[in-house]
Amino acid sequence: MIGKKNMGRASPVFLILLALGFFIASYNLVTMIIHNRTASPGRKFRKDLESQSLSDPIIEMPNNVKRPKNAKLPFHVALTATDAPYSKWQCRIMYYWYKKKKELPGSEMGGFTRILHSGNPDNLMDEIPTFVVDPLPAGLDRGYIVLNRPWAFVQWLEKATIEEEYILMAEPDHIFVNPLPNLAHGGLPAGFPFFYIKPTDNEKIIRKFFPEENGPVTNVDPIGNSPVIIKKDTLEKIAPTWMNVSLRMKDDPETDKAFGWVLEMYAYAVASALHGVQHILRKDFMLQPPWDLETGKKFIIHYTYGCDYNMKGELTYGKIGEWRFDKRSHLRGPPPRNLPLPPPGVPESVVTLVKMVNEATANIPGWDTE
């Protein structure tokens, strides 16, 4: 009773100061929780991507999950592919550079599998280790061939014998420019942050597949499934969800229109978040010419964009250049050997890309007959 009487006599100024103190303490606590969510260890140690320059090499992983320096954790390299000529020649170049970099110091690459989702063996079975899986039932992909990727991984994980504990999900248009270590740590997979995957900017659509009860939309990482290094047992859980979310997104006209060709990438990000999995974001995982100008210490060249330049070495993106390298120029068959090098002034990343393509094609037997 005495306490109640005393509180009742407290001055208004004291009460205002007390309330202000509680507000400041609560604000600081909420801020600390937001930046140090124990439920999301991968994101806890990540910096805000939007505040970083593109030159930042990595986003550090927490010290408590760093492994001993001499411990090796090999990962299996897996990429999905079709039997189309366009896919085949990229796979051949990719596999050539995998073999060149695999045994170099710093590499933790293990075995390699081309997951062929055309349903039948092709003429590269003896050249590249290949596991044949079924495509989606006719018409289900609606012409969006990438929808076969999650279904291919589901089948491969179910049926194949995979010795490594970790898996790198890669793509045919990847070239290993430096030996790749295992960037994942414990239960934290590693992924590459794509500037065009923006879950927070598309919250209305994301919420159709990632309801509020699953957590904030910031739990959805700005990634696709590739490149990602992830524990095999974690991927086994995510893959069926990834497949189902991909199909649901394709079935939804608003989502299909908004996400377009990156729909399956968003589906992987959402599926991971639904399982409470977040990724260490590694900007040094990959570079994408012509936007990234130097290879530096990055590990993979992703040549998805066309590289168009005039003879002064100036980029003419959106307009066919006097000199160009664009994988889409070779939809029906492989590029010829000994492609012309870019003119002076073109960034080192583009020059390196063309030199690596030329080296591979010069040394792959029967290249011109493919």
# chains A, B, ... in the order shown; residues from 1 in each chain; ligands from 1
$ residues_around --residues "Leu147 in chain A" --least-positions-apart "5" --cutoff "8 Å" --atoms "only C-alpha atoms" --output "PyMOL selection string"
chain A and resi 141+243+246-247+264
$ write_last_selection --atoms "all heavy atoms" --output "CSV table (one decimal), in the first residue's frame"
chain,number,residue,atom,x,y,z
A,141,ASP,N,6.1,-26.9,-67.7
A,141,ASP,CA,7.0,-25.8,-67.5
A,141,ASP,C,6.6,-24.5,-68.3
A,141,ASP,O,7.2,-23.5,-68.2
A,141,ASP,CB,8.5,-26.2,-67.9
A,141,ASP,CG,8.6,-26.5,-69.4
A,141,ASP,OD1,7.7,-26.3,-70.2
A,141,ASP,OD2,9.6,-27.1,-69.8
A,243,MET,N,10.8,-26.8,-55.6
A,243,MET,CA,10.1,-27.2,-56.8
A,243,MET,C,8.6,-26.7,-56.7
A,243,MET,O,8.1,-26.2,-57.6
A,243,MET,CB,10.2,-28.7,-56.9
A,243,MET,CG,9.4,-29.2,-58.1
A,243,MET,SD,9.3,-31.0,-58.2
A,243,MET,CE,8.2,-31.4,-56.8
A,246,SER,N,8.2,-23.0,-57.0
A,246,SER,CA,8.4,-22.6,-58.4
A,246,SER,C,7.2,-22.8,-59.2
A,246,SER,O,6.8,-21.9,-60.0
A,246,SER,CB,9.6,-23.4,-59.0
A,246,SER,OG,10.8,-23.1,-58.4
A,247,LEU,N,6.5,-23.9,-59.1
A,247,LEU,CA,5.3,-24.2,-59.8
A,247,LEU,C,4.2,-23.3,-59.4
A,247,LEU,O,3.4,-22.8,-60.3
A,247,LEU,CB,4.9,-25.7,-59.7
A,247,LEU,CG,5.9,-26.7,-60.3
A,247,LEU,CD1,5.5,-28.1,-59.9
A,247,LEU,CD2,6.0,-26.6,-61.8
A,264,GLU,N,12.4,-18.7,-60.8
A,264,GLU,CA,12.9,-19.8,-60.2
A,264,GLU,C,13.9,-19.5,-59.1
A,264,GLU,O,14.1,-20.1,-58.1
A,264,GLU,CB,13.4,-20.8,-61.2
A,264,GLU,CG,14.3,-21.9,-60.7
A,264,GLU,CD,15.7,-21.6,-60.7
A,264,GLU,OE1,16.2,-20.7,-61.4
A,264,GLU,OE2,16.5,-22.3,-59.9
$ residues_around --residues "Lys237 in chain A" --least-positions-apart "2" --cutoff "12 Å" --atoms "only C-alpha atoms" --output "PyMOL selection string"
chain A and resi 150+153-154+157-158+230-235+239-243+268+271-277
$ write_last_selection --atoms "N, CA, C and O atoms" --output "mmCIF file, in the first residue's frame"
data_model
loop_
_atom_site.group_PDB
_atom_site.id
_atom_site.type_symbol
_atom_site.label_atom_id
_atom_site.label_comp_id
_atom_site.auth_asym_id
_atom_site.auth_seq_id
_atom_site.Cartn_x
_atom_site.Cartn_y
_atom_site.Cartn_z
ATOM 1 N N PRO A 150 14.729 -27.370 -60.267
ATOM 2 C CA PRO A 150 14.463 -27.947 -58.945
ATOM 3 C C PRO A 150 14.003 -29.398 -59.004
ATOM 4 O O PRO A 150 14.385 -30.206 -58.149
ATOM 5 N N PHE A 153 17.041 -31.595 -59.390
ATOM 6 C CA PHE A 153 17.774 -31.778 -58.130
ATOM 7 C C PHE A 153 17.036 -32.724 -57.189
ATOM 8 O O PHE A 153 17.662 -33.540 -56.496
ATOM 9 N N VAL A 154 15.713 -32.644 -57.132
ATOM 10 C CA VAL A 154 14.942 -33.557 -56.288
ATOM 11 C C VAL A 154 15.239 -35.004 -56.681
ATOM 12 O O VAL A 154 15.516 -35.860 -55.826
ATOM 13 N N LEU A 157 19.067 -36.015 -55.934
ATOM 14 C CA LEU A 157 19.320 -36.205 -54.505
ATOM 15 C C LEU A 157 18.681 -37.495 -53.995
ATOM 16 O O LEU A 157 19.210 -38.143 -53.077
ATOM 17 N N GLU A 158 17.563 -37.873 -54.580
ATOM 18 C CA GLU A 158 16.865 -39.088 -54.174
ATOM 19 C C GLU A 158 17.573 -40.352 -54.656
ATOM 20 O O GLU A 158 17.648 -41.351 -53.938
ATOM 21 N N ILE A 230 26.108 -25.730 -50.225
ATOM 22 C CA ILE A 230 25.156 -26.060 -49.176
ATOM 23 C C ILE A 230 25.332 -27.509 -48.747
ATOM 24 O O ILE A 230 25.760 -28.358 -49.537
ATOM 25 N N LYS A 231 25.026 -27.789 -47.492
ATOM 26 C CA LYS A 231 25.088 -29.173 -47.026
ATOM 27 C C LYS A 231 24.043 -30.004 -47.760
ATOM 28 O O LYS A 231 22.926 -29.552 -47.998
ATOM 29 N N LYS A 232 24.427 -31.218 -48.068
ATOM 30 C CA LYS A 232 23.545 -32.105 -48.831
ATOM 31 C C LYS A 232 22.226 -32.341 -48.106
ATOM 32 O O LYS A 232 21.147 -32.281 -48.730
ATOM 33 N N ASP A 233 22.273 -32.592 -46.783
ATOM 34 C CA ASP A 233 21.024 -32.871 -46.071
ATOM 35 C C ASP A 233 20.114 -31.649 -45.994
ATOM 36 O O ASP A 233 18.886 -31.773 -45.952
ATOM 37 N N THR A 234 20.713 -30.454 -46.011
ATOM 38 C CA THR A 234 19.897 -29.236 -46.037
ATOM 39 C C THR A 234 19.214 -29.077 -47.389
ATOM 40 O O THR A 234 18.023 -28.749 -47.464
ATOM 41 N N LEU A 235 19.949 -29.330 -48.459
ATOM 42 C CA LEU A 235 19.362 -29.220 -49.794
ATOM 43 C C LEU A 235 18.268 -30.263 -50.004
ATOM 44 O O LEU A 235 17.278 -30.000 -50.698
ATOM 45 N N ALA A 239 14.869 -28.758 -51.499
ATOM 46 C CA ALA A 239 14.597 -28.992 -52.929
ATOM 47 C C ALA A 239 13.127 -29.253 -53.253
ATOM 48 O O ALA A 239 12.587 -28.654 -54.197
ATOM 49 N N PRO A 240 12.410 -30.129 -52.521
ATOM 50 C CA PRO A 240 10.995 -30.321 -52.859
ATOM 51 C C PRO A 240 10.162 -29.052 -52.686
ATOM 52 O O PRO A 240 9.253 -28.775 -53.483
ATOM 53 N N THR A 241 10.474 -28.271 -51.650
ATOM 54 C CA THR A 241 9.773 -27.004 -51.439
ATOM 55 C C THR A 241 10.092 -26.031 -52.560
ATOM 56 O O THR A 241 9.205 -25.326 -53.067
ATOM 57 N N TRP A 242 11.341 -25.979 -52.945
ATOM 58 C CA TRP A 242 11.781 -25.135 -54.062
ATOM 59 C C TRP A 242 11.001 -25.481 -55.330
ATOM 60 O O TRP A 242 10.516 -24.579 -56.034
ATOM 61 N N MET A 243 10.837 -26.763 -55.600
ATOM 62 C CA MET A 243 10.088 -27.190 -56.779
ATOM 63 C C MET A 243 8.620 -26.745 -56.689
ATOM 64 O O MET A 243 8.066 -26.173 -57.640
ATOM 65 N N TYR A 268 13.742 -20.358 -55.059
ATOM 66 C CA TYR A 268 14.756 -20.968 -54.189
ATOM 67 C C TYR A 268 14.958 -20.131 -52.923
ATOM 68 O O TYR A 268 15.057 -20.677 -51.813
ATOM 69 N N ALA A 271 11.960 -20.717 -50.674
ATOM 70 C CA ALA A 271 11.980 -22.073 -50.128
ATOM 71 C C ALA A 271 13.002 -22.195 -49.003
ATOM 72 O O ALA A 271 12.736 -22.819 -47.962
ATOM 73 N N SER A 272 14.172 -21.588 -49.189
ATOM 74 C CA SER A 272 15.191 -21.616 -48.134
ATOM 75 C C SER A 272 14.679 -20.942 -46.872
ATOM 76 O O SER A 272 14.841 -21.460 -45.760
ATOM 77 N N ALA A 273 14.062 -19.774 -47.042
ATOM 78 C CA ALA A 273 13.543 -19.043 -45.889
ATOM 79 C C ALA A 273 12.440 -19.820 -45.182
ATOM 80 O O ALA A 273 12.329 -19.788 -43.947
ATOM 81 N N LEU A 274 11.612 -20.527 -45.928
ATOM 82 C CA LEU A 274 10.546 -21.333 -45.321
ATOM 83 C C LEU A 274 11.120 -22.425 -44.425
ATOM 84 O O LEU A 274 10.470 -22.853 -43.459
ATOM 85 N N HIS A 275 12.320 -22.860 -44.730
ATOM 86 C CA HIS A 275 12.988 -23.868 -43.906
ATOM 87 C C HIS A 275 13.915 -23.234 -42.869
ATOM 88 O O HIS A 275 14.677 -23.957 -42.203
ATOM 89 N N GLY A 276 13.866 -21.919 -42.743
ATOM 90 C CA GLY A 276 14.704 -21.242 -41.764
ATOM 91 C C GLY A 276 16.170 -21.199 -42.132
ATOM 92 O O GLY A 276 17.037 -21.009 -41.275
ATOM 93 N N VAL A 277 16.476 -21.366 -43.421
ATOM 94 C CA VAL A 277 17.870 -21.399 -43.882
ATOM 95 C C VAL A 277 18.228 -20.054 -44.506
ATOM 96 O O VAL A 277 17.550 -19.593 -45.423
#
$ atom_distance --atom1 "CA of Pro289 in chain A" --atom2 "CA of Met169 in chain A"
20.2 Å
$ closest_atom_pairs --of "range 219-242 of chain A" --to "range 77-82 of chain A" --cutoff "10 Å" --atoms "only C-alpha atoms" --output "tab-separated table"
residue	atom	partner	partner_atom	distance
A:Ser226	CA	A:Leu79	CA	9.0
A:Pro227	CA	A:Leu79	CA	9.8
A:Ile229	CA	A:Val77	CA	9.0
$ closest_residue --among "A:Gly333, A:Gly345, A:Pro199, A:Gly306" --to "Met265 in chain A" --atoms "only C-alpha atoms"
A:Pro199
$ select_by_dssp --residues "range 109-290 of chain A" --states "helix (DSSP H, G or I)" --output "number ranges by chain"
A: 145-159, 200-206, 212-214, 217-219, 232-251, 253-274, 283-285
$ decode --residues "range 85-99 of chain A" --atoms "all heavy atoms" --output "JSON list (two decimals), in the first residue's frame"
[["chain", "number", "residue", "atom", "x", "y", "z"],
["A", 85, "PRO", "N", 22.16, -28.20, -78.13],
["A", 85, "PRO", "CA", 23.54, -27.79, -78.44],
["A", 85, "PRO", "C", 24.02, -26.61, -77.61],
["A", 85, "PRO", "O", 25.17, -26.56, -77.18],
["A", 85, "PRO", "CB", 23.47, -27.45, -79.93],
["A", 85, "PRO", "CG", 22.33, -28.26, -80.47],
["A", 85, "PRO", "CD", 21.33, -28.33, -79.36],
["A", 86, "TYR", "N", 23.13, -25.66, -77.38],
["A", 86, "TYR", "CA", 23.45, -24.46, -76.60],
["A", 86, "TYR", "C", 23.92, -24.81, -75.19],
["A", 86, "TYR", "O", 24.86, -24.22, -74.66],
["A", 86, "TYR", "CB", 22.20, -23.58, -76.56],
["A", 86, "TYR", "CG", 22.28, -22.30, -75.77],
["A", 86, "TYR", "CD1", 23.14, -21.28, -76.14],
["A", 86, "TYR", "CD2", 21.44, -22.09, -74.67],
["A", 86, "TYR", "CE1", 23.18, -20.08, -75.44],
["A", 86, "TYR", "CE2", 21.46, -20.90, -73.97],
["A", 86, "TYR", "CZ", 22.34, -19.91, -74.35],
["A", 86, "TYR", "OH", 22.37, -18.72, -73.65],
["A", 87, "SER", "N", 23.25, -25.77, -74.57],
["A", 87, "SER", "CA", 23.62, -26.22, -73.23],
["A", 87, "SER", "C", 24.89, -27.07, -73.27],
["A", 87, "SER", "O", 25.76, -26.94, -72.39],
["A", 87, "SER", "CB", 22.48, -27.03, -72.61],
["A", 87, "SER", "OG", 22.82, -27.53, -71.34],
["A", 88, "LYS", "N", 25.02, -27.90, -74.29],
["A", 88, "LYS", "CA", 26.15, -28.83, -74.36],
["A", 88, "LYS", "C", 27.50, -28.12, -74.43],
["A", 88, "LYS", "O", 28.45, -28.46, -73.70],
["A", 88, "LYS", "CB", 26.00, -29.74, -75.58],
["A", 88, "LYS", "CG", 24.96, -30.83, -75.44],
["A", 88, "LYS", "CD", 24.94, -31.67, -76.73],
["A", 88, "LYS", "CE", 23.93, -32.79, -76.65],
["A", 88, "LYS", "NZ", 23.91, -33.58, -77.91],
["A", 89, "TRP", "N", 27.62, -27.12, -75.31],
["A", 89, "TRP", "CA", 28.94, -26.51, -75.45],
["A", 89, "TRP", "C", 29.34, -25.74, -74.20],
["A", 89, "TRP", "O", 30.54, -25.70, -73.84],
["A", 89, "TRP", "CB", 29.04, -25.66, -76.71],
["A", 89, "TRP", "CG", 28.25, -24.38, -76.82],
["A", 89, "TRP", "CD1", 27.11, -24.16, -77.52],
["A", 89, "TRP", "CD2", 28.60, -23.09, -76.24],
["A", 89, "TRP", "NE1", 26.70, -22.84, -77.42],
["A", 89, "TRP", "CE2", 27.61, -22.17, -76.64],
["A", 89, "TRP", "CE3", 29.64, -22.64, -75.42],
["A", 89, "TRP", "CZ2", 27.61, -20.82, -76.24],
["A", 89, "TRP", "CZ3", 29.67, -21.31, -75.03],
["A", 89, "TRP", "CH2", 28.66, -20.42, -75.43],
["A", 90, "GLN", "N", 28.38, -25.16, -73.51],
["A", 90, "GLN", "CA", 28.70, -24.48, -72.26],
["A", 90, "GLN", "C", 29.15, -25.48, -71.20],
["A", 90, "GLN", "O", 30.10, -25.21, -70.43],
["A", 90, "GLN", "CB", 27.48, -23.70, -71.77],
["A", 90, "GLN", "CG", 27.10, -22.54, -72.67],
["A", 90, "GLN", "CD", 25.82, -21.85, -72.22],
["A", 90, "GLN", "OE1", 25.71, -21.41, -71.09],
["A", 90, "GLN", "NE2", 24.84, -21.77, -73.12],
["A", 91, "CYS", "N", 28.49, -26.63, -71.13],
["A", 91, "CYS", "CA", 28.87, -27.66, -70.17],
["A", 91, "CYS", "C", 30.29, -28.17, -70.42],
["A", 91, "CYS", "O", 31.06, -28.43, -69.48],
["A", 91, "CYS", "CB", 27.90, -28.84, -70.22],
["A", 91, "CYS", "SG", 26.26, -28.49, -69.53],
["A", 92, "ARG", "N", 30.66, -28.30, -71.68],
["A", 92, "ARG", "CA", 31.99, -28.80, -72.03],
["A", 92, "ARG", "C", 33.07, -27.81, -71.57],
["A", 92, "ARG", "O", 34.11, -28.22, -71.03],
["A", 92, "ARG", "CB", 32.09, -29.05, -73.53],
["A", 92, "ARG", "CG", 31.12, -30.09, -74.04],
["A", 92, "ARG", "CD", 31.27, -30.30, -75.54],
["A", 92, "ARG", "NE", 32.38, -31.22, -75.85],
["A", 92, "ARG", "CZ", 32.85, -31.41, -77.06],
["A", 92, "ARG", "NH1", 32.37, -30.73, -78.11],
["A", 92, "ARG", "NH2", 33.83, -32.28, -77.26],
["A", 93, "ILE", "N", 32.83, -26.52, -71.79],
["A", 93, "ILE", "CA", 33.79, -25.51, -71.33],
["A", 93, "ILE", "C", 33.85, -25.49, -69.81],
["A", 93, "ILE", "O", 34.93, -25.42, -69.20],
["A", 93, "ILE", "CB", 33.42, -24.13, -71.89],
["A", 93, "ILE", "CG1", 33.64, -24.09, -73.40],
["A", 93, "ILE", "CG2", 34.24, -23.03, -71.21],
["A", 93, "ILE", "CD1", 33.17, -22.82, -74.08],
["A", 94, "MET", "N", 32.69, -25.57, -69.17],
["A", 94, "MET", "CA", 32.65, -25.55, -67.71],
["A", 94, "MET", "C", 33.43, -26.73, -67.12],
["A", 94, "MET", "O", 34.21, -26.57, -66.18],
["A", 94, "MET", "CB", 31.18, -25.59, -67.26],
["A", 94, "MET", "CG", 30.95, -25.11, -65.85],
["A", 94, "MET", "SD", 31.05, -26.42, -64.64],
["A", 94, "MET", "CE", 30.24, -25.64, -63.27],
["A", 95, "TYR", "N", 33.22, -27.92, -67.69],
["A", 95, "TYR", "CA", 33.88, -29.12, -67.18],
["A", 95, "TYR", "C", 35.39, -29.06, -67.43],
["A", 95, "TYR", "O", 36.19, -29.52, -66.59],
["A", 95, "TYR", "CB", 33.28, -30.36, -67.83],
["A", 95, "TYR", "CG", 33.82, -31.66, -67.28],
["A", 95, "TYR", "CD1", 33.70, -31.97, -65.92],
["A", 95, "TYR", "CD2", 34.43, -32.60, -68.12],
["A", 95, "TYR", "CE1", 34.19, -33.15, -65.41],
["A", 95, "TYR", "CE2", 34.92, -33.79, -67.61],
["A", 95, "TYR", "CZ", 34.80, -34.06, -66.26],
["A", 95, "TYR", "OH", 35.29, -35.25, -65.75],
["A", 96, "TYR", "N", 35.81, -28.49, -68.55],
["A", 96, "TYR", "CA", 37.24, -28.34, -68.83],
["A", 96, "TYR", "C", 37.92, -27.55, -67.72],
["A", 96, "TYR", "O", 38.98, -27.95, -67.20],
["A", 96, "TYR", "CB", 37.44, -27.64, -70.17],
["A", 96, "TYR", "CG", 38.87, -27.26, -70.46],
["A", 96, "TYR", "CD1", 39.73, -28.17, -71.07],
["A", 96, "TYR", "CD2", 39.38, -26.00, -70.12],
["A", 96, "TYR", "CE1", 41.06, -27.84, -71.32],
["A", 96, "TYR", "CE2", 40.69, -25.66, -70.37],
["A", 96, "TYR", "CZ", 41.53, -26.58, -70.97],
["A", 96, "TYR", "OH", 42.85, -26.25, -71.21],
["A", 97, "TRP", "N", 37.31, -26.41, -67.32],
["A", 97, "TRP", "CA", 37.93, -25.56, -66.31],
["A", 97, "TRP", "C", 37.79, -26.13, -64.91],
["A", 97, "TRP", "O", 38.64, -25.88, -64.03],
["A", 97, "TRP", "CB", 37.40, -24.13, -66.40],
["A", 97, "TRP", "CG", 38.02, -23.42, -67.57],
["A", 97, "TRP", "CD1", 37.44, -23.11, -68.76],
["A", 97, "TRP", "CD2", 39.37, -23.01, -67.66],
["A", 97, "TRP", "NE1", 38.34, -22.52, -69.60],
["A", 97, "TRP", "CE2", 39.55, -22.44, -68.95],
["A", 97, "TRP", "CE3", 40.47, -23.05, -66.80],
["A", 97, "TRP", "CZ2", 40.77, -21.91, -69.37],
["A", 97, "TRP", "CZ3", 41.69, -22.54, -67.22],
["A", 97, "TRP", "CH2", 41.83, -21.97, -68.50],
["A", 98, "TYR", "N", 36.75, -26.91, -64.68],
["A", 98, "TYR", "CA", 36.65, -27.65, -63.40],
["A", 98, "TYR", "C", 37.86, -28.56, -63.25],
["A", 98, "TYR", "O", 38.52, -28.59, -62.19],
["A", 98, "TYR", "CB", 35.35, -28.45, -63.38],
["A", 98, "TYR", "CG", 35.38, -29.65, -62.46],
["A", 98, "TYR", "CD1", 35.19, -29.52, -61.08],
["A", 98, "TYR", "CD2", 35.60, -30.93, -62.97],
["A", 98, "TYR", "CE1", 35.23, -30.63, -60.25],
["A", 98, "TYR", "CE2", 35.64, -32.05, -62.14],
["A", 98, "TYR", "CZ", 35.45, -31.89, -60.78],
["A", 98, "TYR", "OH", 35.49, -32.99, -59.96],
["A", 99, "LYS", "N", 38.18, -29.32, -64.30],
["A", 99, "LYS", "CA", 39.31, -30.24, -64.22],
["A", 99, "LYS", "C", 40.64, -29.49, -64.05],
["A", 99, "LYS", "O", 41.53, -29.95, -63.34],
["A", 99, "LYS", "CB", 39.36, -31.12, -65.48],
["A", 99, "LYS", "CG", 38.23, -32.12, -65.58],
["A", 99, "LYS", "CD", 38.42, -33.08, -66.74],
["A", 99, "LYS", "CE", 38.32, -32.40, -68.07],
["A", 99, "LYS", "NZ", 38.45, -33.37, -69.21]]
